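The structure under discussion appears below in the form of structure tokens.
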Amino acid sequence: MSTGKINVAVENIFPLIKKFLYSDHEIFLRELVSNATDATIKLKHLTSIGEAKVDYGNPIIEVKVDKEAKKLHIIDQGIGMTEAEVQKYINDIAFSGAEEFLDKYKDTAKDSGIIGHFGLGFYSAFMVASKVEIITKSYKDEPAVHWVCDGSPEFELTTAEKTKRGTEIILHIAEDSTEFLEEGRIRELLTKYNKFMPVPIKFGTKEEELPLPEDAAEDAEPETKTVDNIINNPNPAWTKQPTDLEDKDYKEFYRELYPMQFEEPLFHIHLNVDYPFNLTGILYFPRLGKDMNIQRDKIQLYQNQVFVTDNVEGIVPEFLTMLRGVIDSPDIPLNVSRSYLQADGAVKKISSYITRKVADKLKSLFNEDRADFEKKWDDIKVVIEYGMLSEEKFFDKAEAFALYPTVDGTYYTYPELEEKIKENQTDKDGKLIVLYASDKDAQHSYIASAKDKGYEVLLLNSPIVSHLLQKLETSKDKVSFVRVDGDDINNLIKKDEEHISKLSDEEKENLKKLLDETIADKAYTVKLEALDSTTAPFTITQPEFMRRMKEMQATGGGGGMFGMGNMPDMYNLVVNTNSELVGEILNTKTKKKQERLITQSLDLARLSQGLLKGEALTNFVKRSYEMIK
Ligand code: ADP
């Protein structure tokens, strides 16, 4: 037997390890299982190149809880270590790694939140164990060794009996960490961190039914046998080639990732690149609907099939954090802060690769089956519209597949829309005027009146649409979007024939005066217009600019500096001087009767804009009953 002193400057490193990593104790298991996996994969490599002349077989890793003896075992069948290797890798290298780690993160550990992502390696075992043993036998023809350390820098090294190749790590679980002696807790950790690791991991056993013999009786009970309970899937879909996978495999993998999720994803995107960086993964579009506040931490980040985190902020462009799935890349530095990550060149490349790939996939889905894409549009539009707003490159690419549906369910791309309306929906300068509604019911009368005139009306109802329109107007420059109840569209859109006013200038002046006197509410600005006689006598519109700025403020960003959120709502009251009713108002003899007609008309206009509420509505209803009595 030999004893020795681990060569470190810090006299007692273990209390420090414990303290600094307090919140993330559980990662010790990930680290130890990762080491076991590495040792196994290394052996595979050495046998494949003929360096190790041993039979590789079908090695597994076993995790075993011995609650009574308060021990946790992690056993692999990998390359193992010779005595000299234990000296070198465990006593010298691993330890210095731990020390270096602590040195570097002493000050920042508390707030960085990155500790759990940093592989502290073998020594993280001391976060939960009061004593750690290593029993290991190298694939080389050398005796097995037994290393014991109780958390002080002193260790003990003896030869061991072990004859089978591989390493067994035994943790004597500390008094304050007995949660790690619970089978349920260990299973939870293995499922969280090791679910897709490349070597099978055995945790306990289970009963498996044997197939019934062919001549078995109808009511025969199948026999069972005890088999290893393998808790991971060593060959997850993302590690395979897209050509080897079918749609059902992707769906199956989705269920594996999100067992509690019953809805199927709309489509998937397989990521696969090895130059200039290494990245694989599968992203899924879930059914999103209009809700922007969906859970955003559903994409899991792996490094070589080891789970790292489900916070991919800074790695995936923000608009894609609404997606689900897996990203696996050994090239993402994790021992840095998030803000550093965002500035990192390699990470930027990864982020823009993902954006490009998502755009390409959307484009090909659109081209392959447009009808299907249109059907799914409502469920994916928030991601696409958000992406168009936040990533310039995505905005450009989205021209090919971003859709603008009409209230009647026709879906146009922007170029198609332009083509469709360029003849009869432009203003006097030739600028395209796109009409849209945000709510088919609330804006029904406005939609109907626009459609009567032969205009196309889009239905744009996602929560960020005001931002998107702003963006489209600035980048396309010869277009204005106007909501159907916005600035008087009758005047905006150039018409072949102008309507001539039936009223004389004097009549108009009188009418204006009468309306201004009668309408007390200063929120309404009266505007006289000579419109088609079938157009409603009174119509309330709201300036597009004002409304949109307010909306943008409510949904974050843009326009905030004007402080529009606090401005009272302002409306235009468009009075059609060519309508019969307006003529009647003018020609009515008594002032009282005139006022009644105006009040009633205004209330009707408010009603169709959804503005008539409370006492005003009650009065209106009462008054209307009086009138029909
Ligand atoms: P890292 O894995 O990051 O190199 P660790 O502290 O976890 O750092 O381990 C240090 C070294 O100890 C490893 O690089 C490896 O050579 C050796 N080692 C650890 N665990 C095992 C194991 N189960 N089998 C063989 N070698 C191991």
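FYI, nothing fancy with the structure tokens labels: chains A, B, ... in order, residues from 1 per chain, ligands from 1 as they appear.
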
Q.
So that I can see what lies close to Lys206 in chain A, please list as number ranges by chain the residues with an atom at most 10 Å from it, counting only C-alpha atoms and leaving out residues fewer than 4 positions away in the same chain.
A. A: 224-230

Applying 8 Å and only C-alpha atoms, which residues near Ile332 in chain A remain after dropping the ones on its own chain fewer than 3 positions away? List them as a PDB file with N, CA and C atoms, in the first residue's frame.
ATOM      1  N   SER A 329     -23.931  20.413 -29.586  1.00  0.00           N
ATOM      2  CA  SER A 329     -22.702  20.948 -30.164  1.00  0.00           C
ATOM      3  C   SER A 329     -21.602  21.003 -29.123  1.00  0.00           C
ATOM      4  N   ALA A 346     -17.971  32.271 -32.722  1.00  0.00           N
ATOM      5  CA  ALA A 346     -18.423  30.925 -33.080  1.00  0.00           C
ATOM      6  C   ALA A 346     -19.909  30.766 -32.800  1.00  0.00           C
ATOM      7  N   VAL A 347     -20.328  31.310 -31.672  1.00  0.00           N
ATOM      8  CA  VAL A 347     -21.733  31.178 -31.293  1.00  0.00           C
ATOM      9  C   VAL A 347     -22.618  31.971 -32.252  1.00  0.00           C
TER      10      VAL A 347
END

Q: Kindly provide, as an NGL selection string, all nucleotide and amino acid residues lying within 10 Å of ligand 1, counting only C-alpha atoms and all ligand atoms.
A: :A and (28 or 31-40 or 42-43 or 61 or 74-82 or 85-98 or 118-125 or 134-138 or 165-169)

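When the distance limit is 10 Å and only C-alpha atoms are what count, the residues near Ser608 in chain A, minus those fewer than 5 positions from it on the same chain, are Ala442, Gln443, His444, Ser445, Tyr446, Thr539, Ile540 and Asp603 of chain A.
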
Q. For Thr410 in chain A, which residue among A:Val326, A:Ala129, A:Ala371, A:Ala437 is the nearest when counting only C-alpha atoms?
A.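 Nearest to Thr410 in chain A: A:Ala371.
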
Q: Please give the complete set of residues from range 262-458 of chain A that DSSP, run on the backbone, assigns to strand (DSSP E or B), formatted as JSON, numbers by chain.
A: {"A": [267, 268, 269, 270, 271, 272, 273, 279, 280, 281, 282, 283, 284, 285, 299, 300, 301, 302, 303, 306, 307, 308, 309, 313, 316, 324, 325, 326, 327, 328, 404, 405, 406, 411, 412, 426, 432, 433, 434, 435, 436, 437, 457, 458]}
